[in-house]
$ cat run-v9.pdb   # PDB, C-alpha atoms
ATOM      1  CA  MET T 222     129.672  83.563  98.201
ATOM      2  CA  ASN T 223     129.398  79.779  97.962
ATOM      3  CA  ASP T 224     126.234  77.717  98.350
ATOM      4  CA  LEU T 225     127.058  76.762 101.936
ATOM      5  CA  ASP T 226     127.467  80.403 102.994
ATOM      6  CA  THR T 227     124.193  81.275 101.268
ATOM      7  CA  GLN T 228     122.383  78.435 103.016
ATOM      8  CA  ASN T 229     123.801  79.441 106.412
ATOM      9  CA  LYS T 230     122.676  83.050 105.935
ATOM     10  CA  LYS T 231     119.209  81.851 104.974
ATOM     11  CA  MET T 232     118.981  79.592 108.034
ATOM     12  CA  MET T 233     120.108  82.402 110.346
ATOM     13  CA  MET T 234     117.485  84.733 108.873
ATOM     14  CA  LEU T 235     114.696  82.186 109.351
ATOM     15  CA  LEU T 236     115.882  81.474 112.898
ATOM     16  CA  GLU T 237     115.751  85.199 113.670
ATOM     17  CA  LEU T 238     112.159  85.361 112.405
ATOM     18  CA  ARG T 239     111.131  82.318 114.450
ATOM     19  CA  LYS T 240     112.656  83.870 117.579
ATOM     20  CA  MET T 241     110.425  86.894 116.967
ATOM     21  CA  GLY T 242     107.377  84.640 117.003
ATOM     22  CA  ILE T 243     106.887  84.403 113.250
ATOM     23  CA  ILE T 244     105.920  80.747 112.963
ATOM     24  CA  ASP T 245     103.768  80.784 109.840
ATOM     25  CA  ASN T 246     105.372  77.930 107.896
ATOM     26  CA  LYS T 247     103.953  79.029 104.537
ATOM     27  CA  LEU T 248     105.331  82.542 104.977
ATOM     28  CA  LEU T 249     108.712  81.283 106.202
ATOM     29  CA  ASN T 250     108.950  78.933 103.234
ATOM     30  CA  ILE T 251     108.206  81.783 100.804
ATOM     31  CA  ILE T 252     110.786  84.061 102.437
ATOM     32  CA  GLY T 253     113.380  81.301 102.711
ATOM     33  CA  ASN T 254     113.146  80.396  99.026
ATOM     34  CA  PHE T 255     112.862  83.904  97.639
ATOM     35  CA  ASP T 256     115.639  85.096  95.308
ATOM     36  CA  ARG T 257     116.324  88.827  95.611
ATOM     37  CA  GLU T 258     118.811  88.892  92.749
ATOM     38  CA  MET T 259     116.265  89.357  89.970
ATOM     39  CA  PHE T 260     114.787  92.348  91.817
ATOM     40  CA  LEU T 261     118.045  94.314  91.982
ATOM     41  CA  PRO T 262     119.757  96.441  89.300
ATOM     42  CA  ASN T 263     122.946  94.861  87.964
ATOM     43  CA  LYS T 264     125.324  96.867  90.151
ATOM     44  CA  PHE T 265     123.618  95.541  93.294
ATOM     45  CA  LYS T 266     123.192  91.887  92.322
ATOM     46  CA  GLY T 267     126.337  90.885  94.208
ATOM     47  CA  LEU T 268     124.577  91.934  97.427
ATOM     48  CA  SER T 269     121.431  89.920  96.773
ATOM     49  CA  LYS T 270     122.222  87.354  99.488
ATOM     50  CA  GLU T 271     122.682  90.051 102.138
ATOM     51  CA  ASN T 272     119.639  90.883 104.247
ATOM     52  CA  ILE T 273     120.124  94.644 103.966
ATOM     53  CA  SER T 274     118.231  97.619 102.555
ATOM     54  CA  LEU T 275     119.638  99.091  99.354
ATOM     55  CA  GLN T 276     118.903 102.414  97.676
ATOM     56  CA  ILE T 277     118.407 101.223  94.103
ATOM     57  CA  PHE T 278     117.174 104.570  92.739
ATOM     58  CA  GLU T 279     117.054 108.067  94.176
ATOM     59  CA  GLY T 280     114.474 107.965  96.960
ATOM     60  CA  VAL T 281     113.742 104.272  96.382
ATOM     61  CA  GLU T 282     115.011 101.620  98.807
ATOM     62  CA  THR T 283     114.509  97.883  98.892
ATOM     63  CA  THR T 284     113.038  96.397 102.057
ATOM     64  CA  THR T 285     114.859  93.554 103.793
ATOM     65  CA  LEU T 286     113.299  90.109 103.614
ATOM     66  CA  THR T 287     112.981  90.039 107.401
ATOM     67  CA  ASP T 288     110.999  93.298 107.408
ATOM     68  CA  ILE T 289     108.765  91.969 104.632
ATOM     69  CA  ALA T 290     108.101  88.842 106.674
ATOM     70  CA  LYS T 291     107.288  90.919 109.760
ATOM     71  CA  MET T 292     104.847  93.129 107.863
ATOM     72  CA  ILE T 293     102.966  90.243 106.304
ATOM     73  CA  PHE T 294     102.842  88.281 109.554
ATOM     74  CA  LEU T 295     101.432  91.238 111.490
ATOM     75  CA  VAL T 296      98.697  91.734 108.898
ATOM     76  CA  LEU T 297      97.734  88.066 108.666
ATOM     77  CA  GLN T 298      97.519  87.815 112.447
ATOM     78  CA  ASN T 299      94.697  90.341 112.321
ATOM     79  CA  ASN T 300      93.036  89.504 109.006
ATOM     80  CA  LYS T 301      93.225  86.071 107.397
ATOM     81  CA  LYS T 302      91.463  87.210 104.212
ATOM     82  CA  THR T 303      93.826  87.140 101.255
ATOM     83  CA  ASN T 304      91.678  88.037  98.253
ATOM     84  CA  VAL T 305      92.758  91.545  97.243
ATOM     85  CA  VAL T 306      95.682  93.626  98.502
ATOM     86  CA  LEU T 307      97.092  97.073  97.705
ATOM     87  CA  GLU T 308     100.765  97.981  97.976
ATOM     88  CA  ILE T 309     101.781 101.640  98.071
ATOM     89  CA  GLY T 310     105.255 101.958  96.560
ATOM     90  CA  THR T 311     106.217  99.087  94.261
ATOM     91  CA  GLY T 312     109.914  99.920  94.467
ATOM     92  CA  SER T 313     111.971  96.999  93.194
ATOM     93  CA  GLY T 314     108.896  94.770  93.082
ATOM     94  CA  MET T 315     110.159  92.433  95.792
ATOM     95  CA  LEU T 316     107.285  92.854  98.254
ATOM     96  CA  THR T 317     104.865  92.824  95.320
ATOM     97  CA  ALA T 318     106.147  89.440  94.196
ATOM     98  CA  ILE T 319     105.962  87.943  97.681
ATOM     99  CA  LEU T 320     102.431  89.271  98.205
ATOM    100  CA  SER T 321     101.407  87.542  94.961
ATOM    101  CA  LYS T 322     102.279  84.205  96.585
ATOM    102  CA  ILE T 323      99.808  84.939  99.392
ATOM    103  CA  TYR T 324      97.015  87.117  97.960
ATOM    104  CA  GLY T 325      94.670  86.372  95.072
ATOM    105  CA  ARG T 326      95.173  89.786  93.435
ATOM    106  CA  VAL T 327      97.895  92.357  94.089
ATOM    107  CA  TYR T 328      97.542  96.011  93.085
ATOM    108  CA  SER T 329     100.662  98.140  93.407
ATOM    109  CA  VAL T 330     101.250 101.854  92.788
ATOM    110  CA  GLU T 331     104.658 103.468  92.226
ATOM    111  CA  ILE T 332     105.317 107.192  91.763
ATOM    112  CA  ASN T 333     108.981 106.927  90.738
ATOM    113  CA  GLU T 334     109.130 106.353  86.973
ATOM    114  CA  LYS T 335     112.519 104.603  87.028
ATOM    115  CA  ALA T 336     111.377 102.197  89.722
ATOM    116  CA  TYR T 337     108.073 101.640  87.924
ATOM    117  CA  LYS T 338     109.772 100.748  84.629
ATOM    118  CA  PHE T 339     112.295  98.524  86.407
ATOM    119  CA  SER T 340     109.718  96.558  88.431
ATOM    120  CA  THR T 341     107.289  96.322  85.508
ATOM    121  CA  LEU T 342     109.876  94.531  83.359
ATOM    122  CA  ILE T 343     110.320  91.929  86.088
ATOM    123  CA  LEU T 344     106.765  91.530  87.347
ATOM    124  CA  LYS T 345     104.948  91.387  84.012
ATOM    125  CA  ASN T 346     106.204  87.827  83.589
ATOM    126  CA  TYR T 347     106.273  86.931  87.284
ATOM    127  CA  SER T 348     102.588  86.498  88.075
ATOM    128  CA  SER T 349      99.252  87.156  86.402
ATOM    129  CA  LYS T 350      97.913  88.168  89.818
ATOM    130  CA  ILE T 351      99.830  91.467  89.800
ATOM    131  CA  VAL T 352      98.448  94.780  88.459
ATOM    132  CA  LEU T 353     100.775  97.800  88.418
ATOM    133  CA  LYS T 354     100.190 101.518  88.003
ATOM    134  CA  LEU T 355     102.420 104.580  87.728
ATOM    135  CA  GLY T 356     100.873 107.184  89.968
ATOM    136  CA  ASP T 357     100.611 108.828  93.370
ATOM    137  CA  GLY T 358     100.132 106.130  95.986
ATOM    138  CA  LYS T 359      98.821 108.673  98.483
ATOM    139  CA  ASN T 360      95.539 108.483  96.563
ATOM    140  CA  GLY T 361      95.348 104.697  96.823
ATOM    141  CA  TRP T 362      93.534 102.895  94.010
ATOM    142  CA  LYS T 363      89.826 103.752  94.206
ATOM    143  CA  GLU T 364      88.853 101.858  91.059
ATOM    144  CA  SER T 365      89.983  98.550  92.565
ATOM    145  CA  CYS T 366      88.984  98.900  96.211
ATOM    146  CA  PRO T 367      87.925  97.681  98.717
ATOM    147  CA  PHE T 368      91.053  95.823  99.821
ATOM    148  CA  ASP T 369      91.600  93.173 102.473
ATOM    149  CA  ALA T 370      94.919  94.817 103.300
ATOM    150  CA  ILE T 371      97.036  97.822 102.337
ATOM    151  CA  TYR T 372     100.824  97.772 102.769
ATOM    152  CA  VAL T 373     102.743 101.052 103.122
ATOM    153  CA  ASP T 374     106.400 100.622 104.081
ATOM    154  CA  ALA T 375     106.806 104.336 104.820
ATOM    155  CA  CYS T 376     105.612 107.060 107.175
ATOM    156  CA  ILE T 377     102.367 108.697 106.084
ATOM    157  CA  GLU T 378     100.520 111.819 107.134
ATOM    158  CA  GLU T 379      97.158 111.549 108.887
ATOM    159  CA  GLU T 380      95.290 112.850 105.842
ATOM    160  CA  VAL T 381      96.791 110.103 103.672
ATOM    161  CA  LEU T 382      96.042 107.483 106.318
ATOM    162  CA  GLN T 383      92.377 108.505 106.359
ATOM    163  CA  LYS T 384      92.185 108.369 102.565
ATOM    164  CA  LEU T 385      93.720 104.907 102.404
ATOM    165  CA  THR T 386      91.730 103.354 105.263
ATOM    166  CA  ALA T 387      88.542 104.426 103.472
ATOM    167  CA  GLN T 388      89.537 101.994 100.689
ATOM    168  CA  LEU T 389      89.634  98.968 103.023
ATOM    169  CA  GLN T 390      87.076  96.206 103.358
ATOM    170  CA  GLU T 391      84.908  96.359 106.495
ATOM    171  CA  ASP T 392      87.428  94.161 108.316
ATOM    172  CA  GLY T 393      90.465  95.284 106.294
ATOM    173  CA  ILE T 394      93.866  96.209 107.722
ATOM    174  CA  ILE T 395      96.446  98.830 106.782
ATOM    175  CA  ILE T 396     100.060  98.487 107.883
ATOM    176  CA  TYR T 397     102.283 101.556 107.779
ATOM    177  CA  VAL T 398     105.091 103.234 109.716
ATOM    178  CA  LYS T 399     104.186 105.477 112.633
ATOM    179  CA  LYS T 400     106.509 107.711 114.621
ATOM    180  CA  HIS T 401     106.253 107.624 118.404
ATOM    181  CA  MET T 402     108.627 109.770 120.446
ATOM    182  CA  ASN T 403     112.026 109.334 118.716
ATOM    183  CA  TYR T 404     111.258 105.953 117.211
ATOM    184  CA  GLN T 405     109.320 104.489 114.307
ATOM    185  CA  PHE T 406     107.241 101.330 114.401
ATOM    186  CA  TYR T 407     105.100  99.278 112.079
ATOM    187  CA  SER T 408     101.527 100.121 113.019
ATOM    188  CA  LEU T 409      98.220  98.480 112.157
ATOM    189  CA  GLN T 410      94.889 100.224 111.791
ATOM    190  CA  ASN T 411      91.441  99.235 110.569
ATOM    191  CA  ARG T 412      88.871 101.083 108.514
ATOM    192  CA  TYR T 413      87.431 102.737 111.601
ATOM    193  CA  ASN T 414      90.793 104.177 112.658
ATOM    194  CA  ASN T 415      91.098 101.783 115.574
ATOM    195  CA  PHE T 416      94.662 100.819 116.444
ATOM    196  CA  LEU T 417      95.212  97.089 116.725
ATOM    197  CA  ASN T 418      97.002  95.112 119.378
ATOM    198  CA  ASN T 419     100.326  94.415 117.724
ATOM    199  CA  GLN T 420     101.038  97.913 116.492
ATOM    200  CA  SER T 421     104.157  99.304 118.157
ATOM    201  CA  VAL T 422     106.291  96.183 118.417
ATOM    202  CA  ILE T 423     108.750  96.329 115.526
ATOM    203  CA  LYS T 424     111.154  99.250 115.165
ATOM    204  CA  VAL T 425     112.057 100.504 111.694
ATOM    205  CA  ASN T 426     113.610 103.551 110.081
ATOM    206  CA  ARG T 427     111.661 104.911 107.120
ATOM    207  CA  SER T 428     111.195 108.210 105.291
ATOM    208  CA  MET T 429     107.895 109.912 104.554
ATOM    209  CA  LEU T 430     105.871 108.579 101.645
ATOM    210  CA  VAL T 431     106.644 110.721  98.591
TER     211      VAL T 431
END

$ encode --input "run-v9.pdb" --output "structure tokens"
Amino acid sequence: MNDLDTQNKKMMMLLELRKMGIIDNKLLNIIGNFDREMFLPNKFKGLSKENISLQIFEGVETTTLTDIAKMIFLVLQNNKKTNVVLEIGTGSGMLTAILSKIYGRVYSVEINEKAYKFSTLILKNYSSKIVLKLGDGKNGWKESCPFDAIYVDACIEEEVLQKLTAQLQEDGIIIYVKKHMNYQFYSLQNRYNNFLNNQSVIKVNRSMLV
């Protein structure tokens, strides 16, 4: 793919986000200038310019840049505080890296050892704001809470949701995937289990959090 094709794809992606009402210029600039290639194993690097999900390890998928932008925008609409954030499921490290451009400190937990080793090699030199841990994300990260926001790009059971929301700041937000009827949506919830206005607006297709 030549530079012109790459630029056109980038412009189309940003236009799509703007049409959805995502008009945060800082966020759009971060997404527009982000290079996925370094966050993909060698056999997938040729697809780095494509805005698609890729299963890079068994049970581990990358999130598209448009979905990352949607998640972050939904959270920031409801909570402008960007001091400390928790990500459940580091995966390739792509969302982790983007969050480090917005939040003061990023904690991220990954249960898959291959994904953890892969993302650690990349992120250890990417930003001093990032702290990683190999472990079960369903338990959150008690030692480092409370968090301004928690990102979970997967479906979670009610018990896990309760455990994670307890680790939020008073006005903190968790974004996760919730099933309603035959569809899944990004949903937002606060520490007191109150659903927020923009919850069921963006359809996704995710598996349960392992």

$ closest_residue --input "run-v9.pdb" --among "T:Ser329, T:Thr303, T:Ser313, T:Thr341" --to "T:Phe265" --atoms "all atoms listed in the file"
T:Ser313

$ closest_residue --input "run-v9.pdb" --among "T:Phe260, T:Asp369, T:Glu378, T:Asn346" --to "T:Ile395" --atoms "all atoms listed in the file"
T:Asp369

$ residues_around --input "run-v9.pdb" --residues "T:Gly361" --least-positions-apart "5" --cutoff "8 Å" --atoms "all atoms listed in the file" --output "MDAnalysis selection string"
chainID T and resid 307 309 330 384:385 388

$ atom_distance --input "run-v9.pdb" --atom1 "atom CA of T:Val306" --atom2 "atom CA of T:Ser269"
26.1 Å

$ closest_residue --input "run-v9.pdb" --among "T:Tyr397, T:Glu237, T:Asn304, T:Leu316" --to "T:Pro367" --atoms "only C-alpha atoms"
T:Asn304

$ residues_near_point --input "run-v9.pdb" --point "(92.5, 104.3, 109.8)" --cutoff "10 Å" --atoms "only C-alpha atoms" --output "list in words"
Glu379, Glu380, Val381, Leu382, Gln383, Lys384, Leu385, Thr386, Ala387, Gln388, Leu389, Gly393, Ile394, Ile395, Ile396, Leu409, Gln410, Asn411, Arg412, Tyr413, Asn414, Asn415 and Phe416 of chain T

$ atom_distance --input "run-v9.pdb" --atom1 "atom CA of T:Ile293" --atom2 "atom CA of T:Tyr372"
8.6 Å

$ residues_around --input "run-v9.pdb" --residues "T:Ile244" --least-positions-apart "5" --cutoff "12 Å" --atoms "all atoms listed in the file" --output "VMD selection string"
chain T and resid 235 to 239 249 to 250 290 to 291 293 to 295 297 to 298

$ atom_distance --input "run-v9.pdb" --atom1 "atom CA of T:Lys231" --atom2 "atom CA of T:Gly267"
15.8 Å

$ closest_residue --input "run-v9.pdb" --among "T:Gln276, T:Asn229, T:Asn360, T:Ser408" --to "T:Cys376" --atoms "all atoms listed in the file"
T:Ser408

$ axis_aligned_box --input "run-v9.pdb" --around "stretch 339-352 of chain T" --padding-each-side "8 Å" --output "JSON"
{"center_x": 105.1, "center_y": 92.5, "center_z": 86.6, "size_x": 30.4, "size_y": 28.0, "size_z": 22.5}

$ closest_residue --input "run-v9.pdb" --among "T:Ser274, T:Gln390, T:Asn254, T:Asn300" --to "T:Ile319" --atoms "only C-alpha atoms"
T:Asn254

$ residues_around --input "run-v9.pdb" --residues "T:Tyr337" --least-positions-apart "6" --cutoff "8 Å" --atoms "all atoms listed in the file" --output "list in words"
Thr311, Gly312, Glu331, Lys354 and Leu355 of chain T

$ resolve_selection --input "run-v9.pdb" --expression "the PyMOL selection byres ((chain T and resi 322) around 10)" --output "MDAnalysis selection string"
chainID T and resid 247:248 251 317:321 323:327 348 350

$ closest_residue --input "run-v9.pdb" --among "T:Asn246, T:Asn263, T:Asn299, T:Asn333" --to "T:Val281" --atoms "all atoms listed in the file"
T:Asn333

$ build_atoms --input "run-v9.pdb" --residues "stretch 340-373 of chain T" --atoms "N, CA and C atoms" --output "JSON list (two decimals), keeping the file's coordinate frame"
[["chain", "number", "residue", "atom", "x", "y", "z"],
["T", 340, "SER", "N", 110.53, 97.63, 87.85],
["T", 340, "SER", "CA", 109.72, 96.56, 88.43],
["T", 340, "SER", "C", 108.72, 95.98, 87.42],
["T", 341, "THR", "N", 108.23, 96.81, 86.51],
["T", 341, "THR", "CA", 107.29, 96.32, 85.51],
["T", 341, "THR", "C", 107.93, 95.27, 84.61],
["T", 342, "LEU", "N", 109.17, 95.49, 84.21],
["T", 342, "LEU", "CA", 109.88, 94.53, 83.36],
["T", 342, "LEU", "C", 110.00, 93.17, 84.03],
["T", 343, "ILE", "N", 110.16, 93.18, 85.34],
["T", 343, "ILE", "CA", 110.32, 91.93, 86.09],
["T", 343, "ILE", "C", 108.97, 91.28, 86.36],
["T", 344, "LEU", "N", 108.03, 92.08, 86.84],
["T", 344, "LEU", "CA", 106.76, 91.53, 87.35],
["T", 344, "LEU", "C", 105.77, 91.14, 86.26],
["T", 345, "LYS", "N", 105.93, 91.70, 85.06],
["T", 345, "LYS", "CA", 104.95, 91.39, 84.01],
["T", 345, "LYS", "C", 104.96, 89.91, 83.64],
["T", 346, "ASN", "N", 106.10, 89.26, 83.87],
["T", 346, "ASN", "CA", 106.20, 87.83, 83.59],
["T", 346, "ASN", "C", 106.26, 86.98, 84.87],
["T", 347, "TYR", "N", 106.12, 87.65, 86.01],
["T", 347, "TYR", "CA", 106.27, 86.93, 87.28],
["T", 347, "TYR", "C", 104.97, 86.28, 87.73],
["T", 348, "SER", "N", 103.88, 87.03, 87.64],
["T", 348, "SER", "CA", 102.59, 86.50, 88.08],
["T", 348, "SER", "C", 101.45, 87.26, 87.41],
["T", 349, "SER", "N", 100.43, 86.52, 87.00],
["T", 349, "SER", "CA", 99.25, 87.16, 86.40],
["T", 349, "SER", "C", 98.36, 87.79, 87.46],
["T", 350, "LYS", "N", 98.70, 87.60, 88.72],
["T", 350, "LYS", "CA", 97.91, 88.17, 89.82],
["T", 350, "LYS", "C", 98.22, 89.65, 90.05],
["T", 351, "ILE", "N", 99.32, 90.13, 89.48],
["T", 351, "ILE", "CA", 99.83, 91.47, 89.80],
["T", 351, "ILE", "C", 99.35, 92.50, 88.78],
["T", 352, "VAL", "N", 98.86, 93.65, 89.30],
["T", 352, "VAL", "CA", 98.45, 94.78, 88.46],
["T", 352, "VAL", "C", 99.22, 96.01, 88.94],
["T", 353, "LEU", "N", 99.93, 96.66, 88.04],
["T", 353, "LEU", "CA", 100.78, 97.80, 88.42],
["T", 353, "LEU", "C", 100.25, 99.10, 87.82],
["T", 354, "LYS", "N", 100.59, 100.20, 88.51],
["T", 354, "LYS", "CA", 100.19, 101.52, 88.00],
["T", 354, "LYS", "C", 101.25, 102.55, 88.38],
["T", 355, "LEU", "N", 101.56, 103.44, 87.45],
["T", 355, "LEU", "CA", 102.42, 104.58, 87.73],
["T", 355, "LEU", "C", 101.52, 105.71, 88.20],
["T", 356, "GLY", "N", 101.73, 106.13, 89.44],
["T", 356, "GLY", "CA", 100.87, 107.18, 89.97],
["T", 356, "GLY", "C", 101.20, 107.50, 91.41],
["T", 357, "ASP", "N", 100.40, 108.37, 92.00],
["T", 357, "ASP", "CA", 100.61, 108.83, 93.37],
["T", 357, "ASP", "C", 99.91, 107.88, 94.34],
["T", 358, "GLY", "N", 100.69, 107.10, 95.06],
["T", 358, "GLY", "CA", 100.13, 106.13, 95.99],
["T", 358, "GLY", "C", 99.35, 106.74, 97.12],
["T", 359, "LYS", "N", 99.57, 108.01, 97.38],
["T", 359, "LYS", "CA", 98.82, 108.67, 98.48],
["T", 359, "LYS", "C", 97.33, 108.71, 98.20],
["T", 360, "ASN", "N", 96.96, 108.51, 96.93],
["T", 360, "ASN", "CA", 95.54, 108.48, 96.56],
["T", 360, "ASN", "C", 94.96, 107.07, 96.57],
["T", 361, "GLY", "N", 95.82, 106.07, 96.85],
["T", 361, "GLY", "CA", 95.35, 104.70, 96.82],
["T", 361, "GLY", "C", 95.00, 104.25, 95.42],
["T", 362, "TRP", "N", 93.96, 103.40, 95.31],
["T", 362, "TRP", "CA", 93.53, 102.90, 94.01],
["T", 362, "TRP", "C", 92.02, 102.68, 94.10],
["T", 363, "LYS", "N", 91.27, 103.78, 93.98],
["T", 363, "LYS", "CA", 89.83, 103.75, 94.21],
["T", 363, "LYS", "C", 89.10, 102.77, 93.29],
["T", 364, "GLU", "N", 89.56, 102.69, 92.04],
["T", 364, "GLU", "CA", 88.85, 101.86, 91.06],
["T", 364, "GLU", "C", 88.88, 100.37, 91.41],
["T", 365, "SER", "N", 89.82, 99.98, 92.26],
["T", 365, "SER", "CA", 89.98, 98.55, 92.56],
["T", 365, "SER", "C", 89.68, 98.20, 94.02],
["T", 366, "CYS", "N", 89.30, 99.17, 94.81],
["T", 366, "CYS", "CA", 88.98, 98.90, 96.21],
["T", 366, "CYS", "C", 87.56, 98.31, 96.31],
["T", 367, "PRO", "N", 87.21, 97.70, 97.44],
["T", 367, "PRO", "CA", 87.92, 97.68, 98.72],
["T", 367, "PRO", "C", 88.96, 96.56, 98.79],
["T", 368, "PHE", "N", 89.95, 96.75, 99.67],
["T", 368, "PHE", "CA", 91.05, 95.82, 99.82],
["T", 368, "PHE", "C", 91.01, 95.13, 101.18],
["T", 369, "ASP", "N", 91.47, 93.89, 101.20],
["T", 369, "ASP", "CA", 91.60, 93.17, 102.47],
["T", 369, "ASP", "C", 92.74, 93.75, 103.29],
["T", 370, "ALA", "N", 93.77, 94.24, 102.61],
["T", 370, "ALA", "CA", 94.92, 94.82, 103.30],
["T", 370, "ALA", "C", 95.59, 95.84, 102.40],
["T", 371, "ILE", "N", 96.23, 96.82, 103.04],
["T", 371, "ILE", "CA", 97.04, 97.82, 102.34],
["T", 371, "ILE", "C", 98.40, 97.88, 103.03],
["T", 372, "TYR", "N", 99.45, 97.75, 102.24],
["T", 372, "TYR", "CA", 100.82, 97.77, 102.77],
["T", 372, "TYR", "C", 101.50, 99.08, 102.37],
["T", 373, "VAL", "N", 102.00, 99.81, 103.37],
["T", 373, "VAL", "CA", 102.74, 101.05, 103.12],
["T", 373, "VAL", "C", 104.01, 101.00, 103.96]]
